[in-house]
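Colleague: Quick one: the structure is below, questions incoming.
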Amino acid sequence: MNRHRPLLLLILVVSALFAGCATKTVDKLYCLPKRSEEYNNLQSAIDGAMAGLEYCAPISGDNQQTVQMADLTGDGNQEALLFARSTDTKQLKILIFSMVQDQYVLIDTIESGGSAFDQVEYVQIDDMPGVEIVVGRQVSDQVLRSVSVYSCRPEGIQQLMMANYTKYLTCDLNSDGNSELFILHPGMSDADNGVAEWYYYQDGQLERSTEVNISEPVDHLKRLAVGKLDKNVPGVYVASAVEENAILTDVFALVDGKLTNISLSNESGTSVQTLRNYYVYGDDIDNDGIMELPSLVPMRNLEERTNQQSLIRWYSMTISGKEVDKMFTYHNFTGGWYMRLERDWLDRIAVTQSSEGSVEFFLWDLDGVRAKKIMTIYALTGANRVEEATQENRVVLARTDATVYAASLEPAAAELELAWDNLGDRFHLIYMDWKTGVT
């Protein structure tokens, strides 16, 4: 017993040390994180300035926090911007705090009328250090809103412009490295087509372009996006609803330094072609950095009673308004996928959907008399979906948490050089744009 006593003592000491460490570790895990001195300092400054105010965060856009940080002066230190509203007059206010000798101090306040902040962005617009504040406000319950641009100068906050808008975005249309403002607003009356304007910085101030019409009233607007035309020319794409089931897209770019609706330059006098559903908008479908626009290519049906189905032709626009074909696809929106096709297949492809939900592709012969099945696409969701997807004569194309996509090929597929090893490259899932909710 005496011979083992030193060993027992050693075990007890080590156990006690580990128990102490475990207790300290657990204590640390359950300790609330301490706020930084800078955070407490800013909170104290905000509390001191909130008398008679209530918080009023922007209601849309990427920046919806009540307190936001941005380097307005370009000195490498961020200012804090508090979005608030007076409790009595309901006047909107942006309180700007800056670090002065290790203390946050209220250095300026932007006051304006309005019922709420719509959205706010921080972009480089002028040639001076620091970013500008682009803030949109809801003036009333009406669609029309007010947007202003502010710059932080040595003498204080300076307003560079103010305009009414229905929708706006920041972009760099003249490729000078700074941002400009693209604005849409109504015409002379609600029934008139909408108007686009472009604000750009020149000679120490924001200049306004001449007004350019869009093809529809602004209340038909569905989507506003920045993209690249052919040859990497920047442009703005304005998608509007036409009647009940069509999308029409106007494309704006600078031509000889002037804002131009280049999609109105074709002989028809109308905008780029409509797409007869709300599911597909302009997109970089081939991931080449260029925005492509969709138009429909009707397919020949297998049966006369079958509802008309269409393929999609994707094209980019040149600065002169010319269309450049880029890709052709069949989109299956209910299944959440699309298949890339070749141009010379378009007159020969037919598609039907079975009662089980699978989609069958057929190929018309060169005389247009007979159609042979070439391929079937399955979207499998059941408990045995993996086993079903890997059955004989099937290949897995893609997987999600709930669905396995598979395909089977028929002998006639060889006429189009479709094979097991290249089918997956043509198959793609449809993803939703989280900012717009658009597929």
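By order in the structure tokens, chains are A, B, ...; within a chain, residues start at 1; ligands start at 1, following the order shown.
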Thr109 in chain A: which residues within 10 Å, counting only C-alpha atoms, same-chain residues fewer than 6 positions away excluded, as number ranges by chain?
Modeller: A: 81-82, 93-97, 156-157
Colleague: Leaving out Ala51 in chain A and any residue of its chain fewer than 6 positions from it, which residues lie within 12 Å of it when counting only C-alpha atoms, given as a PyMOL selection string?
Modeller: chain A and resi 45+84-88
Colleague: Can I get the selection written as a short mmCIF file (atom, residue, chain, number, x, y, z; two decimals), in the first residue's frame, with N, CA and C atoms?
Modeller:
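Produced file out05.cif, reproduced below:
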data_model
loop_
_atom_site.label_atom_id
_atom_site.label_comp_id
_atom_site.auth_asym_id
_atom_site.auth_seq_id
_atom_site.Cartn_x
_atom_site.Cartn_y
_atom_site.Cartn_z
N ALA A 45 -23.38 58.37 -26.56
CA ALA A 45 -23.59 59.56 -27.40
C ALA A 45 -24.99 59.53 -28.02
N ALA A 84 -33.53 58.44 -37.44
CA ALA A 84 -34.53 58.72 -36.42
C ALA A 84 -35.62 59.62 -36.98
N ARG A 85 -36.62 59.87 -36.15
CA ARG A 85 -37.75 60.72 -36.51
C ARG A 85 -38.20 61.44 -35.25
N SER A 86 -38.51 62.73 -35.37
CA SER A 86 -38.96 63.49 -34.20
C SER A 86 -40.35 63.01 -33.79
N THR A 87 -40.57 62.93 -32.51
CA THR A 87 -41.83 62.38 -32.01
C THR A 87 -42.99 63.37 -32.14
N ASP A 88 -42.70 64.65 -32.29
CA ASP A 88 -43.78 65.63 -32.38
C ASP A 88 -44.08 66.02 -33.83
#
Colleague: Using only C-alpha atoms, pick whichever of A:Ile247, A:Met128, A:Leu366, A:Ile183 has the shortest atom-to-atom distance to Ser146 in chain A.
Modeller: A:Ile183
Colleague: Between A:Met327, A:Leu416, A:Ala371, A:Leu221, which is the closest to Leu302 in chain A once you count only C-alpha atoms?
Modeller: A:Ala371
Colleague: Taking the backbone alone, and naming residues the way the document does, which bits of range 299-439 of chain A are strand (DSSP E) by DSSP, as a PyMOL selection string?
Modeller: chain A and resi 310-317+323-332+337-341+349-353+359-364+371-380+395-399+404-409+427-429
Colleague: Please return, as a PyMOL selection string, all residues of range 26-257 of chain A that DSSP assigns to alpha helix (DSSP H) on the basis of the backbone.
Modeller: chain A and resi 26-30+37-49
Colleague: Could you list, as an MDAnalysis selection string, every residue within 9 Å of Leu160 in chain A, counting only C-alpha atoms and ignoring same-chain residues fewer than 4 positions away?
Modeller: chainID A and resid 148:151 205:206
Colleague: Within 8 Å of Leu346 in chain A, counting only C-alpha atoms, which residues qualify if same-chain residues fewer than 3 places away don't, as an mmCIF file with all heavy atoms, in the first residue's frame?
Modeller:
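Output file result29.cif follows:
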data_model
loop_
_atom_site.group_PDB
_atom_site.id
_atom_site.type_symbol
_atom_site.label_atom_id
_atom_site.label_comp_id
_atom_site.auth_asym_id
_atom_site.auth_seq_id
_atom_site.Cartn_x
_atom_site.Cartn_y
_atom_site.Cartn_z
ATOM 1 N N VAL A 297 -39.343 31.227 -78.413
ATOM 2 C CA VAL A 297 -39.309 30.529 -79.697
ATOM 3 C C VAL A 297 -40.351 29.420 -79.629
ATOM 4 O O VAL A 297 -40.127 28.404 -78.954
ATOM 5 C CB VAL A 297 -37.920 29.944 -79.987
ATOM 6 C CG1 VAL A 297 -37.920 29.219 -81.328
ATOM 7 C CG2 VAL A 297 -36.851 31.024 -79.964
ATOM 8 N N MET A 299 -42.477 26.130 -80.013
ATOM 9 C CA MET A 299 -42.168 24.775 -80.474
ATOM 10 C C MET A 299 -43.365 24.191 -81.222
ATOM 11 O O MET A 299 -44.519 24.561 -80.957
ATOM 12 C CB MET A 299 -41.836 23.869 -79.281
ATOM 13 C CG MET A 299 -40.475 24.090 -78.681
ATOM 14 S SD MET A 299 -40.090 22.842 -77.424
ATOM 15 C CE MET A 299 -41.233 23.278 -76.110
ATOM 16 N N LEU A 311 -39.477 27.411 -76.435
ATOM 17 C CA LEU A 311 -38.092 27.467 -75.994
ATOM 18 C C LEU A 311 -37.739 28.934 -75.766
ATOM 19 O O LEU A 311 -38.501 29.824 -76.134
ATOM 20 C CB LEU A 311 -37.171 26.843 -77.039
ATOM 21 C CG LEU A 311 -37.519 25.415 -77.464
ATOM 22 C CD1 LEU A 311 -36.607 24.962 -78.606
ATOM 23 C CD2 LEU A 311 -37.410 24.462 -76.286
ATOM 24 N N LEU A 341 -29.829 24.026 -75.084
ATOM 25 C CA LEU A 341 -30.006 23.391 -76.387
ATOM 26 C C LEU A 341 -29.104 24.058 -77.419
ATOM 27 O O LEU A 341 -28.549 25.131 -77.180
ATOM 28 C CB LEU A 341 -31.473 23.507 -76.839
ATOM 29 C CG LEU A 341 -32.537 23.075 -75.819
ATOM 30 C CD1 LEU A 341 -33.922 23.404 -76.338
ATOM 31 C CD2 LEU A 341 -32.412 21.590 -75.499
ATOM 32 N N GLU A 342 -29.005 23.427 -78.585
ATOM 33 C CA GLU A 342 -28.248 24.008 -79.695
ATOM 34 C C GLU A 342 -29.211 24.708 -80.652
ATOM 35 O O GLU A 342 -30.386 24.348 -80.766
ATOM 36 C CB GLU A 342 -27.474 22.921 -80.441
ATOM 37 C CG GLU A 342 -26.444 22.203 -79.592
ATOM 38 C CD GLU A 342 -25.386 23.125 -79.027
ATOM 39 O OE1 GLU A 342 -24.991 24.075 -79.744
ATOM 40 O OE2 GLU A 342 -24.957 22.907 -77.882
ATOM 41 N N ARG A 343 -28.699 25.707 -81.323
ATOM 42 C CA ARG A 343 -29.545 26.515 -82.214
ATOM 43 C C ARG A 343 -30.202 25.665 -83.303
ATOM 44 O O ARG A 343 -31.385 25.838 -83.622
ATOM 45 C CB ARG A 343 -28.699 27.616 -82.853
ATOM 46 C CG ARG A 343 -29.513 28.539 -83.757
ATOM 47 C CD ARG A 343 -28.637 29.486 -84.544
ATOM 48 N NE ARG A 343 -29.450 30.415 -85.302
ATOM 49 C CZ ARG A 343 -29.519 31.723 -85.086
ATOM 50 N NH1 ARG A 343 -28.804 32.261 -84.121
ATOM 51 N NH2 ARG A 343 -30.293 32.497 -85.820
ATOM 52 N N ILE A 349 -37.236 20.184 -81.984
ATOM 53 C CA ILE A 349 -37.497 19.753 -80.611
ATOM 54 C C ILE A 349 -38.977 19.938 -80.258
ATOM 55 O O ILE A 349 -39.593 20.950 -80.587
ATOM 56 C CB ILE A 349 -36.629 20.540 -79.612
ATOM 57 C CG1 ILE A 349 -35.160 20.129 -79.741
ATOM 58 C CG2 ILE A 349 -37.102 20.330 -78.181
ATOM 59 C CD1 ILE A 349 -34.872 18.729 -79.239
#
Colleague: So, counting only C-alpha atoms, which residue among A:Cys171, A:Leu363, A:Ala398, A:Met99 is closest to Tyr200 in chain A?
Modeller: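 That would be A:Cys171, the residue with the smallest distance to Tyr200 in chain A.
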Colleague: Mind giving me the straight-line distance from CA of Ile377 in chain A to CA of Ser354 in chain A in Å, one decimal?
Modeller: 10.4 Å
Colleague: Between A:Met188, A:Ala350, A:Ile110, A:Leu53, which is the closest to Cys152 in chain A once you count only C-alpha atoms?
Modeller: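 Using only C-alpha atoms, the shortest distance to Cys152 in chain A belongs to A:Ile110.
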Colleague: Which value, in Å to one decimal, gives the distance between CA of His428 in chain A and CA of Phe333 in chain A?
Modeller: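 It comes out at 11.7 Å.
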